[in-house]
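Trainee: Structure in C-alpha cells, see below.
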Protein chains: 2
Amino acid sequence: MLKLYHAEPAANSLKALLSFKEKGLEFESVYVDLHKFEQHEPWFVAINPEGQVPVLDHDGVIITHTTVIGEYLEDAFPKAPPLRPADPVGKARMRHWNKFCDEHVMNYVSMHGWHRMVGVIARSIDSGEFEKLLTRIPLHEQREKWRTARSGFSEADLANATRKIEVAVDKIEQQLTATPWIAGEMYTLADINLFSMAGLAVARMFPEMNVDKRAPRFAAWVQRVSERPGVKAALAMPNRTNPALRTFTGEAR
Amino acid sequence: MLKLYHAEPAANSLKALLSFKEKGLEFESVYVDLHKFEQHEPWFVAINPEGQVPVLDHDGVIITHTTVIGEYLEDAFPKAPPLRPADPVGKARMRHWNKFCDEHVMNYVSMHGWHRMVGVIARSIDSGEFEKLLTRIPLHEQREKWRTARSGFSEADLANATRKIEVAVDKIEQQLTATPWIAGEMYTLADINLFSMAGLAVARMFPEMNVDKRAPRFAAWVQRVSERPGVKAALAMPNRTNPALRTFTGEAR
C-alpha cells in the first residue's frame, strides 16, 4: 500500500523516512543502491523519470520530492500523529522554513558532501565508463553535478556554500531564541527538513564553524531531535555507505 | 484586516494579487515603489527584514514569500473559492509544480528581466550612489543580483537561464496534453505561479523560442488564464513602470 524507494538514512532519504517513523506509518522499504547507480536504471527511471530518490508509491500513485511527500502524508493520514500545525499561521511558518531549507540550505550542504564523497566515487570510475554513466542521468543538473564532482567544485563555489550554511545556522539559532522548535511550539516537517539536511552534518562537516559555541541553541536542538524515538528508528535503518565515505553525515571528512 | 504590500502586477506581486482577486478577498493595497527602492527603506525592512515584496499583513501577522502566502490564504479563508485541490493527491501535484516553478523557473525568467530592465536602472545610477543603495539591501543574494545587473549577467548564465525556460515550457506543454490545468482538472495556485512567472513573459521576452509553435497548449493556456476575470482585474491594477522598461512582462526588450 505505502512503498518508499530510498537510500541510506541521510539527507533526502532520511527526511522521507522520518515522516514515516514519526507518524508510525507502516511501509514497504525498497532500498535503492546509489553506489551502483540504481537510481538511473531503466526500471527506476520508469517509476521516477527524474532518476532521484526517495520516491513514494501509495497504491500506485507516485509522489516525488521530499517536501511534497511530507505534506502528502499529512493530508493522506490525518489521524496519524501530525507533523504540521493545525492553524494557518503555524502552517505558513512551517512552509516558510521548508522553503528556506529547500532553496538556501540543502544544495549547499549537498555541494560539500558531493565534493568530499561523490568526488571520490566519481574519480574512481574510468573516464569512458564515467561518460557512459552520465548519459543515463535524466536531469541536466544532476549530470552537471556529477561532472563537477569528478573535476572538483571551485573554491569560490565551496566558500559561497559555506557562507550560506553559516547564514542558515545563525538564522536557526535566532529562531530558537524565540520558539522551542523551528516553526513554533510544535515539532514539524520543518524541523525534519533542517535536521535531515543540516542538523546532522554541519557540526561534523564544519568543525571550524564551532557550532557548539556559535549556535548553542542549534546544537541543543540537534541533540533534542536526535533523541526522538522516531528519529532513532530512522537512523537505525541499514546504512550501506562505505564508512570511509560517510561524509554527508559528517562522519568522515 | 488584510493588507498587501506589493509592486506592479507582474511576477511575485502579480502572483499574490491573483490569489486575492480569484478568491474575491477584500484587502488594503499598499504600493511599494521599487523604482525608488522603497523596499529597502527602514520602514519597509521593519515589516519584512528581507526587504522584498510582496508582504501580507493579516491582522498584524506578517507572511512573506508568495508560495507561502498562496497556501496561507487557502488555509485562512476556506469558504472563499478554492485555488487548491481538496484531495491529497491533487494537493501534492499542485505543490510539485509550485516547487518546480519556485526553484527552476522563477529565477531564470527573472535573470533575463533583470538583465534587460534592472540593468538599465542600475547603470543609470552614479557609482557612489549605487554602492550606497547596495548597503541598504538586506539579502546578500539581492545585493549580488543588483551588482551583476549593473555589470551585466554573463552570456553563459543567460544561455543557461534560456535553457531552463525552454525545459519548463516543454514540461508544461507535456503536462497540458494530459490535463486542462497544470496540476490536474482544477485551476490552482500552480497555474497562478507559472502564469505570473513565465506565462506572460516568455512569448514576449523570447520571440525566437517561437512558443506558439513549440508549445501550442502552453500558448492556449496562457490565453485561457489571461481571460479569467480575476486575472484581468489583477492585471488592470496600476502599473507605474516606465513603459520603456516593461521587459519583465515582455512588453519591451
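By convention in this document, the chains of the C-alpha cells carry letters A, B, ... by their order, each chain's residues are numbered from 1, and ligands are numbered from 1 in the order they are shown.
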Can you list every residue of chain A that has an atom at most 6 Å from chain B, with its nearest atom pair and the distance in Å to one decimal, using only C-alpha atoms, ordered by chain then number, as JSON lines?
Mentor:
{"residue": "A:Val68", "atom": "CA", "partner": "B:Ala92", "partner_atom": "CA", "distance": 5.8}
{"residue": "A:Tyr72", "atom": "CA", "partner": "B:Ala92", "partner_atom": "CA", "distance": 5.9}
{"residue": "A:Asp75", "atom": "CA", "partner": "B:Pro88", "partner_atom": "CA", "distance": 5.3}
{"residue": "A:Ala76", "atom": "CA", "partner": "B:Pro88", "partner_atom": "CA", "distance": 5.6}
{"residue": "A:Pro88", "atom": "CA", "partner": "B:Asp75", "partner_atom": "CA", "distance": 5.3}
{"residue": "A:Ala92", "atom": "CA", "partner": "B:Val68", "partner_atom": "CA", "distance": 5.8}
Trainee: Could you pull the residues within 12 Å of region 172-176 of chain A, counting only C-alpha atoms, minus those fewer than 5 positions along the same chain, as a CSV table (one decimal) with N, CA and C atoms, in the first residue's frame?
Mentor:
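Result file is around06.csv:
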chain,number,residue,atom,x,y,z
A,93,ARG,N,4.3,29.3,8.8
A,93,ARG,CA,5.7,29.4,9.4
A,93,ARG,C,6.5,28.1,9.0
A,97,TRP,N,10.0,27.9,6.5
A,97,TRP,CA,11.2,27.3,6.8
A,97,TRP,C,11.5,26.2,5.8
A,100,PHE,N,12.9,27.8,2.9
A,100,PHE,CA,14.3,28.3,3.1
A,100,PHE,C,15.3,27.1,3.1
A,101,CYS,N,14.9,26.0,3.7
A,101,CYS,CA,15.8,24.8,3.7
A,101,CYS,C,16.0,24.3,2.3
A,105,VAL,N,19.6,26.0,1.8
A,105,VAL,CA,20.4,25.1,2.7
A,105,VAL,C,20.8,23.8,2.0
A,165,ILE,N,25.6,28.2,4.6
A,165,ILE,CA,25.4,27.4,5.7
A,165,ILE,C,25.5,28.2,7.0
A,166,GLU,N,26.5,29.0,7.1
A,166,GLU,CA,26.7,29.9,8.3
A,166,GLU,C,25.4,30.8,8.5
A,167,VAL,N,25.0,31.4,7.4
A,167,VAL,CA,23.7,32.2,7.5
A,167,VAL,C,22.6,31.4,8.0
A,181,TRP,N,10.8,25.0,18.8
A,181,TRP,CA,11.0,24.3,17.5
A,181,TRP,C,11.1,25.3,16.4
A,182,ILE,N,11.5,24.9,15.2
A,182,ILE,CA,11.8,25.9,14.2
A,182,ILE,C,10.6,26.7,13.8
A,183,ALA,N,9.4,26.0,13.7
A,183,ALA,CA,8.3,26.8,13.2
A,183,ALA,C,7.3,27.2,14.3
A,184,GLY,N,7.8,27.0,15.6
A,184,GLY,CA,6.9,27.5,16.7
A,184,GLY,C,7.0,26.5,17.9
A,185,GLU,N,5.8,26.2,18.4
A,185,GLU,CA,5.7,25.4,19.6
A,185,GLU,C,5.7,23.9,19.3
A,190,ALA,N,9.3,21.1,9.2
A,190,ALA,CA,10.4,22.0,9.0
A,190,ALA,C,11.6,21.6,9.9
A,191,ASP,N,11.3,21.1,11.1
A,191,ASP,CA,12.4,20.5,11.9
A,191,ASP,C,13.0,19.3,11.2
A,194,LEU,N,15.2,20.5,8.2
A,194,LEU,CA,16.5,21.1,8.6
A,194,LEU,C,17.4,20.1,9.3
A,195,PHE,N,16.8,19.2,10.1
A,195,PHE,CA,17.6,18.2,10.7
A,195,PHE,C,18.3,17.3,9.7
A,198,ALA,N,20.8,19.6,7.4
A,198,ALA,CA,21.9,20.4,8.1
A,198,ALA,C,22.2,19.9,9.5
A,199,GLY,N,21.2,19.5,10.2
A,199,GLY,CA,21.3,19.2,11.6
A,199,GLY,C,22.5,18.2,11.9
A,211,VAL,N,30.2,25.1,15.9
A,211,VAL,CA,28.7,25.2,16.0
A,211,VAL,C,28.3,25.3,17.5
A,212,ASP,N,28.9,24.4,18.4
A,212,ASP,CA,28.5,24.4,19.8
A,212,ASP,C,28.6,25.8,20.4
A,213,LYS,N,29.6,26.5,20.0
A,213,LYS,CA,29.8,27.9,20.6
A,213,LYS,C,29.1,28.9,19.8
A,214,ARG,N,29.1,28.8,18.5
A,214,ARG,CA,28.5,29.8,17.6
A,214,ARG,C,27.0,29.8,17.8
A,215,ALA,N,26.4,28.6,17.9
A,215,ALA,CA,25.0,28.4,17.9
A,215,ALA,C,24.5,27.3,18.9
A,216,PRO,N,24.6,27.6,20.2
A,216,PRO,CA,24.4,26.6,21.2
A,216,PRO,C,22.9,26.1,21.2
A,217,ARG,N,22.0,27.0,20.8
A,217,ARG,CA,20.6,26.5,20.7
A,217,ARG,C,20.4,25.5,19.6
A,218,PHE,N,21.1,25.8,18.5
A,218,PHE,CA,21.1,25.0,17.3
A,218,PHE,C,21.6,23.6,17.7
A,219,ALA,N,22.8,23.6,18.4
A,219,ALA,CA,23.4,22.3,18.8
A,219,ALA,C,22.5,21.5,19.8
A,220,ALA,N,21.8,22.3,20.7
A,220,ALA,CA,20.9,21.6,21.6
A,220,ALA,C,19.7,21.0,20.9
A,221,TRP,N,19.2,21.8,19.9
A,221,TRP,CA,18.1,21.3,19.1
A,221,TRP,C,18.4,20.1,18.3
A,222,VAL,N,19.6,20.0,17.7
A,222,VAL,CA,20.1,18.8,17.0
A,222,VAL,C,20.0,17.6,18.0
Trainee: Go ahead and compute the interatomic distance for CA of Tyr5 (chain A) and CA of Arg136 (chain A), in Å to one decimal.
Mentor: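 Separating CA of Tyr5 (chain A) from CA of Arg136 (chain A) is a distance of 18.9 Å.
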Trainee: Which of these, B:Val32, B:Leu134, B:Ala161, B:Met237, has the shortest distance to Gly113 (chain B) once you count only C-alpha atoms?
Mentor: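 The closest residue to Gly113 (chain B) is B:Ala161.
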Trainee: Which distance in Å separates CA of Met197 (chain A) and CA of Thr188 (chain B), to one decimal?
Mentor: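 Those two atoms sit 29.5 Å apart.
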Trainee: Which residue out of A:Ile125, A:Met186, A:Leu17, A:Met106 has the minimum interatomic distance to Ala233 (chain A) when only C-alpha atoms are used?
Mentor: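 Among the listed residues, the smallest separation from Ala233 (chain A) belongs to A:Leu17.
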Trainee: Go through region 6-226 of chain A and collect every residue that DSSP, computed from the backbone, puts in strand (DSSP E); the answer should be as a PyMOL selection string.
Mentor: chain A and resi 6+28-31+55-58+61-64
Trainee: Once you have the residues from the selection above, write them out as a short mmCIF file (atom, residue, chain, number, x, y, z; two decimals), in the first residue's frame, restricted to N, CA, C and O atoms.
Mentor:
data_model
loop_
_atom_site.label_atom_id
_atom_site.label_comp_id
_atom_site.auth_asym_id
_atom_site.auth_seq_id
_atom_site.Cartn_x
_atom_site.Cartn_y
_atom_site.Cartn_z
N HIS A 6 14.12 4.30 -1.30
CA HIS A 6 15.03 5.23 -0.63
C HIS A 6 16.44 4.66 -0.57
O HIS A 6 16.65 3.47 -0.80
N GLU A 28 6.44 -0.43 2.98
CA GLU A 28 7.42 -1.35 2.40
C GLU A 28 8.65 -0.54 2.02
O GLU A 28 8.55 0.44 1.29
N SER A 29 9.79 -0.94 2.53
CA SER A 29 11.04 -0.23 2.24
C SER A 29 11.73 -0.89 1.05
O SER A 29 12.00 -2.08 1.06
N VAL A 30 12.00 -0.09 0.01
CA VAL A 30 12.76 -0.61 -1.14
C VAL A 30 14.07 0.16 -1.21
O VAL A 30 14.08 1.37 -1.48
N TYR A 31 15.16 -0.54 -0.93
CA TYR A 31 16.46 0.11 -0.93
C TYR A 31 16.97 0.30 -2.35
O TYR A 31 16.98 -0.65 -3.14
N VAL A 55 11.28 8.07 -3.45
CA VAL A 55 10.01 8.11 -4.19
C VAL A 55 8.97 7.38 -3.35
O VAL A 55 9.23 6.28 -2.84
N LEU A 56 7.80 7.98 -3.22
CA LEU A 56 6.68 7.33 -2.53
C LEU A 56 5.72 6.75 -3.56
O LEU A 56 5.36 7.43 -4.53
N ASP A 57 5.36 5.49 -3.34
CA ASP A 57 4.32 4.85 -4.14
C ASP A 57 3.17 4.51 -3.20
O ASP A 57 3.31 3.65 -2.33
N HIS A 58 2.07 5.23 -3.34
CA HIS A 58 0.90 4.99 -2.49
C HIS A 58 -0.20 4.40 -3.35
O HIS A 58 -0.83 5.13 -4.13
N VAL A 61 0.04 5.45 -6.86
CA VAL A 61 0.24 6.89 -7.13
C VAL A 61 1.67 7.25 -6.72
O VAL A 61 2.08 6.98 -5.59
N ILE A 62 2.40 7.85 -7.63
CA ILE A 62 3.81 8.16 -7.38
C ILE A 62 3.93 9.63 -6.94
O ILE A 62 3.43 10.54 -7.61
N ILE A 63 4.58 9.82 -5.80
CA ILE A 63 4.83 11.19 -5.31
C ILE A 63 6.34 11.34 -5.14
O ILE A 63 6.99 10.51 -4.50
N THR A 64 6.90 12.41 -5.71
CA THR A 64 8.33 12.66 -5.57
C THR A 64 8.57 14.02 -4.91
O THR A 64 7.66 14.83 -4.80
#
Trainee: For Phe37 (chain B), find every residue with an atom within 12 Å (counting only C-alpha atoms), except residues of its own chain fewer than 6 positions away, and show them as a ChimeraX atom specification.
Mentor: /B:7,31,43-45,51-53,118,121-122,130,132-134,136-137,146
Trainee: Keeping only N, CA and C atoms, write the selected residues as a PDB file, in the first residue's frame.
Mentor:
ATOM      1  N   ALA B   7       4.173  45.589  -5.504  1.00  0.00           N
ATOM      2  CA  ALA B   7       4.588  46.490  -6.578  1.00  0.00           C
ATOM      3  C   ALA B   7       3.655  46.290  -7.765  1.00  0.00           C
ATOM      4  N   TYR B  31       1.042  50.217  -2.205  1.00  0.00           N
ATOM      5  CA  TYR B  31       2.003  50.175  -3.307  1.00  0.00           C
ATOM      6  C   TYR B  31       3.405  50.508  -2.795  1.00  0.00           C
ATOM      7  N   TRP B  43      11.423  51.752   7.014  1.00  0.00           N
ATOM      8  CA  TRP B  43      10.028  51.460   7.403  1.00  0.00           C
ATOM      9  C   TRP B  43       9.582  50.121   6.814  1.00  0.00           C
ATOM     10  N   PHE B  44      10.062  49.810   5.599  1.00  0.00           N
ATOM     11  CA  PHE B  44       9.636  48.554   4.988  1.00  0.00           C
ATOM     12  C   PHE B  44      10.432  47.362   5.530  1.00  0.00           C
ATOM     13  N   VAL B  45      11.727  47.559   5.731  1.00  0.00           N
ATOM     14  CA  VAL B  45      12.558  46.478   6.276  1.00  0.00           C
ATOM     15  C   VAL B  45      12.111  46.105   7.694  1.00  0.00           C
ATOM     16  N   GLY B  51      13.489  42.752   2.960  1.00  0.00           N
ATOM     17  CA  GLY B  51      13.386  43.866   2.008  1.00  0.00           C
ATOM     18  C   GLY B  51      12.856  43.458   0.655  1.00  0.00           C
ATOM     19  N   GLN B  52      11.851  42.614   0.644  1.00  0.00           N
ATOM     20  CA  GLN B  52      11.289  42.106  -0.605  1.00  0.00           C
ATOM     21  C   GLN B  52       9.764  42.249  -0.587  1.00  0.00           C
ATOM     22  N   VAL B  53       9.194  42.539  -1.753  1.00  0.00           N
ATOM     23  CA  VAL B  53       7.740  42.496  -1.894  1.00  0.00           C
ATOM     24  C   VAL B  53       7.373  41.227  -2.639  1.00  0.00           C
ATOM     25  N   VAL B 118      16.462  45.857 -15.122  1.00  0.00           N
ATOM     26  CA  VAL B 118      17.091  46.392 -13.919  1.00  0.00           C
ATOM     27  C   VAL B 118      18.500  46.880 -14.234  1.00  0.00           C
ATOM     28  N   ILE B 121      18.272  50.418 -15.181  1.00  0.00           N
ATOM     29  CA  ILE B 121      18.104  51.268 -13.988  1.00  0.00           C
ATOM     30  C   ILE B 121      19.428  51.362 -13.224  1.00  0.00           C
ATOM     31  N   ALA B 122      20.048  50.196 -12.994  1.00  0.00           N
ATOM     32  CA  ALA B 122      21.267  50.160 -12.176  1.00  0.00           C
ATOM     33  C   ALA B 122      22.376  51.002 -12.807  1.00  0.00           C
ATOM     34  N   PHE B 130      25.162  54.241  -6.140  1.00  0.00           N
ATOM     35  CA  PHE B 130      24.813  52.831  -6.316  1.00  0.00           C
ATOM     36  C   PHE B 130      25.350  51.993  -5.147  1.00  0.00           C
ATOM     37  N   LYS B 132      25.934  53.009  -2.212  1.00  0.00           N
ATOM     38  CA  LYS B 132      25.164  53.377  -1.028  1.00  0.00           C
ATOM     39  C   LYS B 132      23.831  52.622  -1.009  1.00  0.00           C
ATOM     40  N   LEU B 133      23.210  52.535  -2.190  1.00  0.00           N
ATOM     41  CA  LEU B 133      21.955  51.790  -2.297  1.00  0.00           C
ATOM     42  C   LEU B 133      22.176  50.323  -1.938  1.00  0.00           C
ATOM     43  N   LEU B 134      23.285  49.765  -2.419  1.00  0.00           N
ATOM     44  CA  LEU B 134      23.579  48.352  -2.158  1.00  0.00           C
ATOM     45  C   LEU B 134      23.664  48.054  -0.667  1.00  0.00           C
ATOM     46  N   ARG B 136      22.041  49.154   1.616  1.00  0.00           N
ATOM     47  CA  ARG B 136      20.732  49.092   2.284  1.00  0.00           C
ATOM     48  C   ARG B 136      19.994  47.784   2.000  1.00  0.00           C
ATOM     49  N   ILE B 137      20.502  46.977   1.056  1.00  0.00           N
ATOM     50  CA  ILE B 137      19.784  45.755   0.674  1.00  0.00           C
ATOM     51  C   ILE B 137      20.089  44.659   1.681  1.00  0.00           C
ATOM     52  N   TRP B 146      21.860  42.845  -7.860  1.00  0.00           N
ATOM     53  CA  TRP B 146      21.924  44.244  -8.290  1.00  0.00           C
ATOM     54  C   TRP B 146      23.292  44.563  -8.877  1.00  0.00           C
TER      55      TRP B 146
END
Trainee: Please, which residues of region 42-127 of chain B, numbered as in this document, come out alpha helix (DSSP H) from DSSP, as an MDAnalysis selection string?
Mentor: chainID B and resid 42:45 66:76 88:104 106:113 119:123 127
Trainee: Those residues you just picked out, can you put them in a file as a tab-separated table (two decimals), in the first residue's frame with C-alpha atoms?
Mentor:
chain	number	residue	atom	x	y	z
B	42	PRO	CA	13.84	51.29	7.05
B	43	TRP	CA	10.03	51.46	7.40
B	44	PHE	CA	9.64	48.55	4.99
B	45	VAL	CA	12.56	46.48	6.28
B	66	THR	CA	4.31	34.20	-2.42
B	67	THR	CA	4.02	30.41	-2.42
B	68	VAL	CA	3.55	30.55	1.35
B	69	ILE	CA	1.08	33.44	1.06
B	70	GLY	CA	-0.95	31.47	-1.50
B	71	GLU	CA	-1.31	28.43	0.75
B	72	TYR	CA	-1.98	30.69	3.74
B	73	LEU	CA	-4.98	32.30	2.04
B	74	GLU	CA	-6.32	28.81	1.24
B	75	ASP	CA	-5.97	27.81	4.90
B	76	ALA	CA	-7.25	31.07	6.40
B	88	PRO	CA	-4.26	14.81	-1.06
B	89	VAL	CA	-3.00	13.73	-4.49
B	90	GLY	CA	-4.23	16.95	-6.12
B	91	LYS	CA	-2.53	19.00	-3.41
B	92	ALA	CA	0.70	17.06	-4.00
B	93	ARG	CA	0.54	17.69	-7.76
B	94	MET	CA	-0.01	21.40	-7.12
B	95	ARG	CA	2.91	21.58	-4.68
B	96	HIS	CA	5.15	19.66	-7.06
B	97	TRP	CA	4.58	22.29	-9.76
B	98	ASN	CA	4.88	25.17	-7.30
B	99	LYS	CA	8.24	23.83	-6.23
B	100	PHE	CA	9.32	23.39	-9.83
B	101	CYS	CA	8.30	26.97	-10.62
B	102	ASP	CA	9.97	28.39	-7.49
B	103	GLU	CA	13.24	26.53	-7.97
B	104	HIS	CA	13.60	26.04	-11.72
B	106	MET	CA	11.24	31.98	-11.49
B	107	ASN	CA	14.91	32.90	-11.05
B	108	TYR	CA	15.72	32.20	-14.69
B	109	VAL	CA	12.98	34.36	-16.16
B	110	SER	CA	13.92	36.92	-13.53
B	111	MET	CA	17.56	36.92	-14.67
B	112	HIS	CA	16.54	37.88	-18.20
B	113	GLY	CA	14.15	40.51	-16.85
B	119	GLY	CA	20.47	46.68	-15.64
B	120	VAL	CA	19.23	49.85	-17.33
B	121	ILE	CA	18.10	51.27	-13.99
B	122	ALA	CA	21.27	50.16	-12.18
B	123	ARG	CA	23.55	51.70	-14.81
B	127	SER	CA	28.55	54.60	-8.87
